[in-house]
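K.L.:
There's a structure below that I have some questions on.
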Amino acid sequence: MTEVVVVTEYDVLAEVYEWLISEAKLPPADFAASFDDVLGLLPSNAHVLDCSCGTGQLAVGLAGRGLQVVATDASEGMVRRTAELAEEYGTSVRALQANWEELPNHFDDDTFDLVFCVGNSLHHAAGATGRGAALESMSRLLRPGGRLVLTSRTWELVRSRGSRLDIGDRLVRRNDRDAVVVYRWEIAPQWEDEHHIEIAIAQVDATGSVLVRSELLSCWPYRHEDLEAELHRAGLRTEVSTFDPESENYTVVASKGGPG
Ligand SMILES: C[S@@+](CC[C@H](N)C(=O)[O-])C[C@H]1O[C@@H](n2cnc3c(N)ncnc32)[C@H](O)[C@@H]1O
């Protein structure tokens with residue numbers, strides 16, 4: 001019988017993902033420290049879920065602080081890399097493959113004190129319906145009073161620039177290899193339409209050979225105001241939002257329950 005190998009989005013990029021992470025966030029402790037404000041509100045030994053863990057820098061950084069960490073991702077390749085990073089750092093992270101809608105099949109409601117969905121992940125949920133379902137799953141898993149931390153691109157800015165090619169103006173060096181990172185943005189006419197981002201990492205070796213790894217990713221942008229309304233519908237009340245229409249990214253912290 002032939003073995004069927006299911007390839008999900010990000011399985012190719014998983015192999016070279018460090019070229020896409022900023023130098024400041026590569027050390028797990030530093031990635032976790034970028035959320036010090038919200039981490040400071042947690043009880044010790046809190047239960048934390050990173051539900052789009054990528055290659056695991058945040059999850060491993062959180063585990064290094066003594067938190068009980070679960071890391072999930074839709075991509076098998078990402079989950080594998082997270083488990084490898086946890087082993088490398090000698091930390092305990094439970095890593096498993098699950099997309100957002102599947103999370104309630106794996107965990108009881110009210111399990112986590114904090115859920116992270118960071119690093120430009122939520123736009124991969126399929127439109128308003130997919131996003132609503134994803135946020136609903138994250139909300140269910142939070143205990144009352146628990147918080148969701150979400151970071152996002154400012155799609156208002158991205159869409160205003162239209163379709164384009166962004167070629168990195170510096171080589172990025174990781175694992176003793178230089179690469180040029182290229183983003184190709186396919187901006188659809190309407191906000192609601194499926195958009196695409198193609199990401200290519202072109203590694204150049206000392207002989208001048210170039211090895212390119214690339215993936216075409218689907219995404220569905222959203223306005224900040226729509227996200228706020230969707231969080232509210234999922235039972236989450238925004239406590240903090242750093243949204244600024246002129247900045248590239250923003251962070252939202254929303255808590256479960258309470259007035260609102
Ligand atoms: C841009 S990466 C961010 C990774 C990591 N959070 C970081 O900050 O480096 C987006 C991640 O979201 C994951 N993802 C995309 N769609 C998903 C879904 N439906 N459910 C769970 N994870 C998903 C991808 O596999 C990928 O690892």
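Residue numbering restarts at 1 in every chain; chains get A, B, ... in the order shown in the structure tokens, and ligands count up from 1 in that same order.
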What does the list of residues within 6 Å of ligand 1 look like if you count only C-alpha atoms and all ligand atoms, written as a PyMOL selection string?
P.N.:
chain A and resi 10+52-54+73-75+78+99-100+118-121+124-125
K.L.:
Residues of region 78-174 of chain A in alpha helix (DSSP H) according to DSSP, as a PyMOL selection string?
P.N.:
chain A and resi 78-89+103-106+127-141+155-161
K.L.:
Quick check for you: according to DSSP on this backbone, which residues of region 2-227 of chain A are classed as strand (DSSP E)? Reply as number ranges by chain.
P.N.:
A: 47-50, 68-73, 93-97, 112-117, 142-153, 164-167, 172-174, 177-186, 195-204, 210-219
K.L.:
Just C-alpha atoms for this one: save the residues we selected as a PDB file, in the first residue's frame.
P.N.:
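Produced file result29.pdb, reproduced below:
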ATOM      1  CA  HIS A  47      -1.040  26.621  31.797  1.00  0.00           C
ATOM      2  CA  VAL A  48      -0.208  28.270  28.503  1.00  0.00           C
ATOM      3  CA  LEU A  49      -1.032  27.333  24.901  1.00  0.00           C
ATOM      4  CA  ASP A  50       0.808  28.637  21.835  1.00  0.00           C
ATOM      5  CA  GLN A  68       3.194  24.420  31.700  1.00  0.00           C
ATOM      6  CA  VAL A  69       3.335  24.802  27.929  1.00  0.00           C
ATOM      7  CA  VAL A  70       1.417  23.180  25.101  1.00  0.00           C
ATOM      8  CA  ALA A  71       2.420  24.094  21.549  1.00  0.00           C
ATOM      9  CA  THR A  72       0.190  23.348  18.559  1.00  0.00           C
ATOM     10  CA  ASP A  73       0.362  24.132  14.870  1.00  0.00           C
ATOM     11  CA  VAL A  93       6.784  21.365  25.898  1.00  0.00           C
ATOM     12  CA  ARG A  94       3.886  19.184  24.781  1.00  0.00           C
ATOM     13  CA  ALA A  95       3.864  19.671  21.005  1.00  0.00           C
ATOM     14  CA  LEU A  96       1.069  18.390  18.798  1.00  0.00           C
ATOM     15  CA  GLN A  97      -0.393  18.966  15.370  1.00  0.00           C
ATOM     16  CA  PHE A 112      -5.518  27.504  29.827  1.00  0.00           C
ATOM     17  CA  ASP A 113      -4.618  30.723  31.644  1.00  0.00           C
ATOM     18  CA  LEU A 114      -3.129  32.214  28.505  1.00  0.00           C
ATOM     19  CA  VAL A 115      -3.355  31.439  24.788  1.00  0.00           C
ATOM     20  CA  PHE A 116      -0.925  32.917  22.246  1.00  0.00           C
ATOM     21  CA  CYS A 117      -1.715  33.282  18.550  1.00  0.00           C
ATOM     22  CA  LEU A 142      -9.346  29.709  28.116  1.00  0.00           C
ATOM     23  CA  ARG A 143     -10.449  29.629  31.726  1.00  0.00           C
ATOM     24  CA  PRO A 144     -12.780  32.494  32.706  1.00  0.00           C
ATOM     25  CA  GLY A 145     -10.557  35.550  33.128  1.00  0.00           C
ATOM     26  CA  GLY A 146      -7.814  33.936  31.017  1.00  0.00           C
ATOM     27  CA  ARG A 147      -6.276  35.940  28.194  1.00  0.00           C
ATOM     28  CA  LEU A 148      -5.654  35.624  24.473  1.00  0.00           C
ATOM     29  CA  VAL A 149      -2.573  37.382  23.107  1.00  0.00           C
ATOM     30  CA  LEU A 150      -2.702  38.005  19.389  1.00  0.00           C
ATOM     31  CA  THR A 151      -0.243  39.817  17.163  1.00  0.00           C
ATOM     32  CA  SER A 152      -1.138  40.889  13.666  1.00  0.00           C
ATOM     33  CA  ARG A 153       0.045  42.659  10.575  1.00  0.00           C
ATOM     34  CA  ARG A 164       4.137  43.906  -4.973  1.00  0.00           C
ATOM     35  CA  LEU A 165       7.469  42.188  -4.554  1.00  0.00           C
ATOM     36  CA  ASP A 166       9.488  42.907  -1.395  1.00  0.00           C
ATOM     37  CA  ILE A 167      13.102  41.800  -1.747  1.00  0.00           C
ATOM     38  CA  VAL A 172      20.084  37.274   6.435  1.00  0.00           C
ATOM     39  CA  ARG A 173      22.662  35.001   8.066  1.00  0.00           C
ATOM     40  CA  ARG A 174      21.528  31.947  10.012  1.00  0.00           C
ATOM     41  CA  ARG A 177      24.397  30.559   5.630  1.00  0.00           C
ATOM     42  CA  ASP A 178      23.335  33.762   3.934  1.00  0.00           C
ATOM     43  CA  ALA A 179      19.967  34.130   2.275  1.00  0.00           C
ATOM     44  CA  VAL A 180      17.894  36.713   0.490  1.00  0.00           C
ATOM     45  CA  VAL A 181      14.291  36.738   1.687  1.00  0.00           C
ATOM     46  CA  VAL A 182      11.582  37.653  -0.808  1.00  0.00           C
ATOM     47  CA  TYR A 183       7.893  38.284  -0.153  1.00  0.00           C
ATOM     48  CA  ARG A 184       5.475  38.472  -3.077  1.00  0.00           C
ATOM     49  CA  TRP A 185       2.134  39.949  -2.074  1.00  0.00           C
ATOM     50  CA  GLU A 186      -0.968  39.195  -4.118  1.00  0.00           C
ATOM     51  CA  HIS A 195      -5.132  36.832  -0.818  1.00  0.00           C
ATOM     52  CA  HIS A 196      -1.727  35.205  -1.260  1.00  0.00           C
ATOM     53  CA  ILE A 197       1.771  35.704   0.052  1.00  0.00           C
ATOM     54  CA  GLU A 198       4.589  33.845  -1.626  1.00  0.00           C
ATOM     55  CA  ILE A 199       7.698  33.652   0.510  1.00  0.00           C
ATOM     56  CA  ALA A 200      11.038  32.630  -0.964  1.00  0.00           C
ATOM     57  CA  ILE A 201      14.300  32.080   0.867  1.00  0.00           C
ATOM     58  CA  ALA A 202      17.235  32.052  -1.519  1.00  0.00           C
ATOM     59  CA  GLN A 203      20.322  30.689   0.222  1.00  0.00           C
ATOM     60  CA  VAL A 204      23.643  31.546  -1.346  1.00  0.00           C
ATOM     61  CA  VAL A 210      21.715  29.495  -4.906  1.00  0.00           C
ATOM     62  CA  LEU A 211      19.196  27.175  -3.266  1.00  0.00           C
ATOM     63  CA  VAL A 212      15.637  28.477  -3.204  1.00  0.00           C
ATOM     64  CA  ARG A 213      12.890  27.226  -0.911  1.00  0.00           C
ATOM     65  CA  SER A 214       9.490  28.881  -1.394  1.00  0.00           C
ATOM     66  CA  GLU A 215       5.836  28.526  -0.528  1.00  0.00           C
ATOM     67  CA  LEU A 216       2.643  30.147  -1.697  1.00  0.00           C
ATOM     68  CA  LEU A 217       0.420  30.805   1.314  1.00  0.00           C
ATOM     69  CA  SER A 218      -3.268  31.721   1.377  1.00  0.00           C
ATOM     70  CA  CYS A 219      -4.491  34.447   3.667  1.00  0.00           C
TER      71      CYS A 219
END
K.L.:
Between A:Pro221, A:Val79, A:Leu236, A:Ser22, single out the one closest to Leu157 (chain A), counting only C-alpha atoms.
P.N.:
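Closest residue, counting only C-alpha atoms: A:Pro221.
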K.L.:
Pick the closest to Ala98 (chain A) from A:Glu76, A:Thr111, A:Asp37, A:Ser241: which is it, counting only C-alpha atoms?
P.N.:
A:Glu76
K.L.:
What is the distance between CA of Leu227 (chain A) and CA of Pro189 (chain A), in Å to one decimal?
P.N.:
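If I compute the distance from CA of Leu227 (chain A) to CA of Pro189 (chain A), I get 19.8 Å.
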